[in-house]
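Quick notes on the structure that follows.
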Protein chains: 4
Amino acid sequence: MTTTQLTLVQLDNYGPWTVTPEPRREMDLQTLQSRLFADIAQFIGGRGGYVFYTRFDNMIAVTNGIDREAHATLQESISNRYPVTISLGVGVAETPAAALNGATERIQAAGSAQDENRTEVLAGTFLTSEETGPEPIHIAHFDVNDATGKYTDQMNEFDSFIHIERSYASLMEYMRKAHGALSFFVGGDNIIAVCPELSADAYQDAIDHVESDVGIELKVGVGRDRTAHTAGIAAKHALEECRFDGTTVEFAEPPIPTSDD
Amino acid sequence: MTTTQLTLVQLDNYGPWTVTPEPRREMDLQTLQSRLFADIAQFIGGRGGYVFYTRFDNMIAVTNGIDREAHATLQESISNRYPVTISLGVGVAETPAAALNGATERIQAAGSAQDENRTEVLAGTFLTSEETGPEPIHIAHFDVNDATGKYTDQMNEFDSFIHIERSYASLMEYMRKAHGALSFFVGGDNIIAVCPELSADAYQDAIDHVESDVGIELKVGVGRDRTAHTAGIAAKHALEECRFDGTTVEFAEPPIPTSDD
Amino acid sequence: MTTTQLTLVQLDNYGPWTVTPEPRREMDLQTLQSRLFADIAQFIGGRGGYVFYTRFDNMIAVTNGIDREAHATLQESISNRYPVTISLGVGVAETPAAALNGATERIQAAGSAQDENRTEVLAGTFLTSEETGPEPIHIAHFDVNDATGKYTDQMNEFDSFIHIERSYASLMEYMRKAHGALSFFVGGDNIIAVCPELSADAYQDAIDHVESDVGIELKVGVGRDRTAHTAGIAAKHALEECRFDGTTVEFAEPPIPTSDD
Amino acid sequence: MTTTQLTLVQLDNYGPWTVTPEPRREMDLQTLQSRLFADIAQFIGGRGGYVFYTRFDNMIAVTNGIDREAHATLQESISNRYPVTISLGVGVAETPAAALNGATERIQAAGSAQDENRTEVLAGTFLTSEETGPEPIHIAHFDVNDATGKYTDQMNEFDSFIHIERSYASLMEYMRKAHGALSFFVGGDNIIAVCPELSADAYQDAIDHVESDVGIELKVGVGRDRTAHTAGIAAKHALEECRFDGTTVEFAEPPIPTSDD
């Protein structure tokens with residue numbers, strides 16, 4: 001059974017800030033957003049978690065094994081170094097979507113994302129490793145079959161991107177509705193999904209859905225472990241197996257041991 | 001008439017690098033990608049251009065006013081500071097899509113994105129300001145009406161994101177097909193489109209299309225100027241007008257003068 | 001009694017890399033060096049440690065409480081994101097200088113800093129918190145009395161810097177020889193020293209030495225705790241006391257409790 | 001004849017900010033300072049200039065060829081992305097020290113570095129390339145003979161650093177007093193000096209002074225050109241000549257042509 005701890009990272013009152021007193025240079029906003037994400041990725045990633053940029057003003061993190069104190073340190077460090085602050089809501093549930101519900105509600109309960117008096121919320125419940133089974137996190141790493149040969153080397157980059165984007169839009173909605181899984185585009189032709197326990201057939205169905213929906217062929221490697229990082233590395237190895245063997249769905253079995261185990 | 005200079009930034013042989021000799025930590029890849037984008041945003045943005053992260057291993061930049069020498073400096077600086085290198089293809093055309101065709105073809109002609117012997121391509125034609133009219137760049141800045149009230153403060157963040165993502169998928173395909181315009185999600189509920197000359201009716205049609213297609217209401221501010229930055233700032237001011245006046249399409253007229261003019 | 005765990009971070013074969021195949025742009029090297037330091041500061045700092053930039057190609061960190069696995073993660077993460085790699089030597093001793101001896105010897109034993117075959121050394125012994133008393137780390141935070149009024153607002157910046165630099169050169173040599181303490185300039189008019197157990201008289205003697213040697217008046221706050229961060233925050237509070245009370249040496253007593261305790 | 005345009009970058013009211021409302025985490029301050037420096041290095045460096053971190057809250061830049069508009073863009077971009085702002089004073093003179101006098105006075109005239117109402121000063125005169133001869137900038141790049149063999153591989157890192165630091169302290173004071181040149185430690189065993197026109201004998205005298213003063217042997221390559229970057233690259237090539245030929249002072253003659261010429 002999966003037990004996912006999810007953290008919603010929400011920039012406080014960010015929209016109004018971007019246009020106060022005048023609209024700010026877009027490239028400065030893009031720089032700010034992407035560096036803030038990078039810093040959070042280093043903080044969370046160095047502790048075994050994953051974070052996804054999503055909308056940049058709201059980011060979603062898998063934080064099994066990362067406690068309240070570490071969340072507080074992250075929040076303090078961001079406020080020391082950026083002109084904006086972050087609120088953190090944390091939820092725990094069997095499915096990622098349910099965990100995110102809890103995380104989001106905790107922030108919403110404290111006020112609107114554009115309430116200037118609501119800053120640096122830190123609310124939620126934190127999971128200890130004793131409370132979970134040995135494989136609370138399931139990570140599925142999808143990519144597009146031969147994206148370079150079919151798209152990148154063949155059409156203009158925006159049209160390649162349209163194809164990748166279609167596959168992502170189709171997969172994200174399917175996985176969300178069918179399974180309460182959360183899927184994130186992570187660049188190139190890669191999509192990483194945080195999932196509940198799913199069978200190989202369920203993954204095959206998702207891939208079949210995307211192909212019939214938008215005509216794009218995916219494959220997937222699945223890893224399961226105590227942290228997003230270790231499950232994710234196992235998923236990447238399983239995806240490499242798909243690549244070498246020409247298969248569509250591979251589970252890492254057993255998980256690849258790593259130094260973070 | 002618009003005259004857009006577009007640059008395709010393509011990481012050289014990046015996919016294979018991410019799994020050699022073993023799959024690399026995902027959060028390190030995310031950090032690398034987003035910081036590389038941020039550095040390019042600072043470099044291009046400080047010279048009046050715009051760059052969009054797109055797939056991160058391929059980024060698209062509007063580079064009117066940025067010459068070959070500056071492109072070479074960017075390329076050299078990245079190779080001095082990152083474990084990866086970039087190729088740059090540049091194209092000029094009336095419509096953004098046609099300009100990107102030229103930019104992409106120049107890189108493709110030099111070899112595959114995954115050809116390890118193809119590194120640091122710098123190819124293309126560069127526009128001088130004398131060759132264009134006074135408003136070669138049109139930037140349209142869209143956002144979602146009351147996204148915070150309807151989505152961010154109401155549903156879990158992933159479901160908010162699904163709605164924003166739908167509006168983006170719908171708009172990007174419509175603008176590409178109808179007008180050869182290139183639209184980019186830039187975070188929050190914001191989409192920036194690089195456009196050819198379009199009427200207010202054409203923008204209204206795009207917004208109507210998205211509403212009928214996916215049920216999401218957009219509004220748009222449009223700016224026109226010599227650089228992406230100055231056109232984009234004008235577009236942001238026009239979008240503020242939509243916000244205050246409750247209108248759907250506003251053109252900045254005349255462009256807001258800025259220090260970069 | 002103090003028990004300091006020190007880590008020497010040494011860039012592998014960095015000097016030759018900076019001129020191969022041609023000398024690289026100095027501002028790219030400066031950017032690389034300072035961002036690498038910043039990343040290490042975030043990694044070490046988020047875990048309660050301190051790192052000092054020293055010569056940038058060699059940095060010195062106080063790493064009590066940071067284990068071998070975390071060091072390995074740092075090393076892997078740097079190699080994933082930079083064109084250079086780092087070696088890490090770790091030593092433990094009562095005095096900081098003796099701990100650094102051990103740390104440095106472990107790296108030197110593996111080969112020269114410019115041996116291209118010596119990369120990513122990770123060697124040393126790691127302290128567990130059970131092995132130390134409750135205040136193994138002593139941090140002294142010095143600054144210059146009224147540096148803004150006497151220097152920054154009065155003379156050109158280089159001449160201000162010469163005065164600050166003189167006070168640093170004098171203090172660093174004195175503290176090293178007299179006590180085996182390691183002192184680092186950290187910007188502005190601030191010097192942070194990692195010290196063994198020293199009396200208030202010993203600190204006063206150091207300050208008197210600098211004044212008689214180079215004519216610059218310092219004051220100091222001293223903190224003691226389990227980590228560099230918590231000891232350092234206590235030292236900063238003690239230094240604020242000096243500022244408000246007009247005193248020269250203040251000990252934080254008892255240490256200020258913080259969320260990282 | 002040299003004509004140096006120097007910019008003083010001064011953080012506004014930074015000291016008080018670091019302790020308000022409470023002393024901030026030192027590693028966050030270190031990260032902020034070094035990343036701010038890195039961003040300025042990229043901005044200035046991409047336009048042919050040099051910047052030195054000096055005290056981090058005050059940085060000194062060589063900005064020949066960088067105009068008022070670019071300075072304003074840098075200032076705006078920093079304020080958009082950091083919790084602190086910068087003031088910029090610019091001076092032009094034959095000797096670097098005289099140019100810095102002018103730059104510093106312009107900022108001092110606007111208020112104290114710790115005056116909370118003095119923010120984002122931008123004051124000074126800017127040089128056009130027409131106003132100078134073809135080689136207005138002279139850059140001297142010094143390093144320590146066999147620093148790795150004599151120090152880094154032999155003694156603990158702090159003791160190596162003490163030796164490098166002594167050579168820097170001795171050289172910086174000598175060059176300042178004898179010639180109005182400004183010398184900056186840039187990491188490793190490297191010192192870069194911004195100089196007026198000096199003979200080979202004058203450089204030899206400086207090196208002799210350091211050897212007799214502190215017993216450390218330096219060598220130097222000197223470059224002259226229109227920008228700090230091109231003069232600096234020429235200096236690096238000249239220093240490589242010293243290394244290969246075993247000489248102590250080499251002038252690049254003629255300057256190495258580069259893409260930024």
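Chain labels A, B, ... are given in the sequence in which chains occur in the structure tokens; within each chain residues are numbered consecutively from 1, and ligands are likewise numbered from 1 in the order shown.
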
Stretch 73-87 of chain C surroundings by only C-alpha atoms, 9 Å radius, close-in-sequence under 3 positions cut, as a PyMOL selection string: (chain A and resi 42+46+259-260) or (chain B and resi 18+24-25+27-29+31-32+79-84) or (chain C and resi 8-14+17+32+36+39-40+43-44+68-70+107+118-123)

Determine which residues of stretch 4-179 of chain D receive a DSSP assignment of alpha helix (DSSP H), computed from the backbone, and state them as a ChimeraX atom specification.
/D:14-18,26-45,68-81,96-110,147,157-179

Just give me the gap between atom CA of A:Leu182 and atom CA of A:Val194 in Å, one decimal is fine.
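Computed distance, atom CA of A:Leu182 to atom CA of A:Val194, equals 5.3 Å.
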
Residue neighbourhood A:Arg176, 12 Å, only C-alpha atoms, exclusion window fewer than 6 positions, as an NGL selection string
(:A and (95-98 or 100 or 168-170 or 182-184 or 193-196 or 206)) or (:B and (156 or 158-159 or 161-162))

Notebook entry, point to check: What is the distance, in Å and to one decimal place, between atom CA of B:Phe244 and atom CA of B:Asn145?
Noted result: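 Interatomic distance, atom CA of B:Phe244 to atom CA of B:Asn145: 11.9 Å.
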
Problem - Non-local contacts of A:His138 (8 Å; only C-alpha atoms; under 5 positions in same chain excluded) as an MDAnalysis selection string - result: chainID A and resid 2 194:197 222:225 228 231

- 6 Å contacts from chain B to chain A using only C-alpha atoms, as an MDAnalysis selection string: chainID B and resid 27 31 34:35 38 41 45 55:57 101 104 108 112 153 156 187:188

Selected residues written out with all heavy atoms, as a tab-separated table (two decimals), in the first residue's frame:
```
chain	number	residue	atom	x	y	z
B	27	MET	N	16.27	15.33	-9.34
B	27	MET	CA	16.25	16.70	-8.82
B	27	MET	C	17.50	17.47	-9.26
B	27	MET	O	17.45	18.69	-9.40
B	27	MET	CB	16.09	16.72	-7.31
B	27	MET	CG	14.71	16.28	-6.83
B	27	MET	SD	13.31	17.28	-7.52
B	27	MET	CE	12.68	16.15	-8.80
B	31	THR	N	17.24	20.82	-11.45
B	31	THR	CA	18.00	22.01	-11.05
B	31	THR	C	18.84	22.53	-12.21
B	31	THR	O	18.84	23.73	-12.51
B	31	THR	CB	18.92	21.66	-9.85
B	31	THR	OG1	18.09	21.16	-8.79
B	31	THR	CG2	19.69	22.87	-9.38
B	34	SER	N	16.51	24.11	-14.93
B	34	SER	CA	15.85	25.37	-14.62
B	34	SER	C	16.86	26.49	-14.41
B	34	SER	O	16.59	27.65	-14.75
B	34	SER	CB	14.93	25.21	-13.40
B	34	SER	OG	15.60	24.64	-12.33
B	35	ARG	N	18.07	26.15	-13.92
B	35	ARG	CA	19.09	27.19	-13.79
B	35	ARG	C	19.67	27.58	-15.15
B	35	ARG	O	20.00	28.75	-15.37
B	35	ARG	CB	20.20	26.73	-12.85
B	35	ARG	CG	19.73	26.72	-11.42
B	35	ARG	CD	20.87	26.44	-10.48
B	35	ARG	NE	20.43	26.52	-9.09
B	35	ARG	CZ	21.14	26.07	-8.07
B	35	ARG	NH1	22.32	25.51	-8.28
B	35	ARG	NH2	20.68	26.19	-6.85
B	38	ALA	N	17.23	29.88	-16.49
B	38	ALA	CA	17.30	31.17	-15.81
B	38	ALA	C	18.48	31.99	-16.32
B	38	ALA	O	18.37	33.20	-16.54
B	38	ALA	CB	17.42	30.97	-14.30
B	41	ALA	N	17.60	33.26	-19.66
B	41	ALA	CA	16.61	34.34	-19.50
B	41	ALA	C	17.27	35.65	-19.10
B	41	ALA	O	16.91	36.72	-19.59
B	41	ALA	CB	15.55	33.94	-18.47
B	45	GLY	N	17.16	38.36	-21.71
B	45	GLY	CA	16.28	39.40	-21.17
B	45	GLY	C	16.99	40.73	-20.95
B	45	GLY	O	16.40	41.80	-21.15
B	55	ARG	N	10.44	22.80	-23.54
B	55	ARG	CA	10.74	21.47	-23.03
B	55	ARG	C	12.03	21.44	-22.21
B	55	ARG	O	12.52	20.38	-21.85
B	55	ARG	CB	10.87	20.49	-24.19
B	55	ARG	CG	9.59	20.34	-25.00
B	55	ARG	CD	9.65	19.07	-25.82
B	55	ARG	NE	10.44	19.19	-27.03
B	55	ARG	CZ	11.00	18.16	-27.67
B	55	ARG	NH1	10.87	16.93	-27.20
B	55	ARG	NH2	11.69	18.35	-28.78
B	56	PHE	N	12.62	22.58	-21.97
B	56	PHE	CA	13.88	22.73	-21.21
B	56	PHE	C	15.09	22.21	-21.98
B	56	PHE	O	16.14	22.84	-21.95
B	56	PHE	CB	13.82	22.07	-19.82
B	56	PHE	CG	13.06	22.89	-18.81
B	56	PHE	CD1	11.78	22.52	-18.41
B	56	PHE	CD2	13.60	24.03	-18.26
B	56	PHE	CE1	11.06	23.28	-17.49
B	56	PHE	CE2	12.89	24.79	-17.33
B	56	PHE	CZ	11.62	24.41	-16.95
B	57	ASP	N	14.97	21.08	-22.66
B	57	ASP	CA	16.12	20.65	-23.48
B	57	ASP	C	16.07	21.34	-24.85
B	57	ASP	O	17.03	21.28	-25.62
B	57	ASP	CB	16.19	19.13	-23.62
B	57	ASP	CG	14.96	18.54	-24.29
B	57	ASP	OD1	13.97	19.26	-24.51
B	57	ASP	OD2	14.98	17.33	-24.58
B	101	ASN	N	10.71	27.68	-38.03
B	101	ASN	CA	11.06	26.68	-39.04
B	101	ASN	C	12.52	26.87	-39.47
B	101	ASN	O	13.30	25.92	-39.51
B	101	ASN	CB	10.18	26.82	-40.28
B	101	ASN	CG	8.81	26.21	-40.09
B	101	ASN	OD1	8.61	25.36	-39.22
B	101	ASN	ND2	7.85	26.64	-40.91
B	104	THR	N	14.98	26.01	-36.64
B	104	THR	CA	15.08	24.58	-36.36
B	104	THR	C	15.82	23.85	-37.48
B	104	THR	O	16.69	23.00	-37.23
B	104	THR	CB	13.68	23.97	-36.17
B	104	THR	OG1	12.96	24.72	-35.21
B	104	THR	CG2	13.77	22.53	-35.71
B	108	GLN	N	18.86	21.18	-37.35
B	108	GLN	CA	18.65	19.82	-37.85
B	108	GLN	C	19.64	19.49	-38.98
B	108	GLN	O	20.13	18.36	-39.11
B	108	GLN	CB	17.21	19.65	-38.35
B	108	GLN	CG	16.20	19.59	-37.20
B	108	GLN	CD	14.75	19.74	-37.66
B	108	GLN	OE1	14.50	20.20	-38.79
B	108	GLN	NE2	13.81	19.40	-36.79
B	112	SER	N	21.59	15.26	-35.78
B	112	SER	CA	20.53	14.94	-34.84
B	112	SER	C	20.79	15.57	-33.47
B	112	SER	O	21.94	15.78	-33.09
B	112	SER	CB	20.43	13.42	-34.67
B	112	SER	OG	19.62	13.10	-33.55
B	153	ASP	N	-7.96	28.94	-5.00
B	153	ASP	CA	-8.51	28.94	-3.63
B	153	ASP	C	-9.64	27.92	-3.44
B	153	ASP	O	-10.19	27.83	-2.35
B	153	ASP	CB	-9.05	30.34	-3.28
B	153	ASP	CG	-7.94	31.37	-3.06
B	153	ASP	OD1	-6.75	30.98	-2.94
B	153	ASP	OD2	-8.25	32.58	-3.00
B	156	ASN	N	-7.93	21.37	-5.23
B	156	ASN	CA	-6.53	21.05	-4.95
B	156	ASN	C	-5.67	21.53	-6.11
B	156	ASN	O	-6.14	21.72	-7.22
B	156	ASN	CB	-6.33	19.56	-4.60
B	156	ASN	CG	-6.21	18.64	-5.80
B	156	ASN	OD1	-5.51	18.92	-6.76
B	156	ASN	ND2	-6.92	17.51	-5.74
B	187	GLY	N	3.76	30.26	-16.27
B	187	GLY	CA	3.55	30.13	-14.83
B	187	GLY	C	2.27	30.83	-14.39
B	187	GLY	O	1.75	31.70	-15.08
B	188	GLY	N	1.79	30.42	-13.21
B	188	GLY	CA	0.56	31.00	-12.69
B	188	GLY	C	-0.60	30.68	-13.62
B	188	GLY	O	-0.91	29.51	-13.87
```
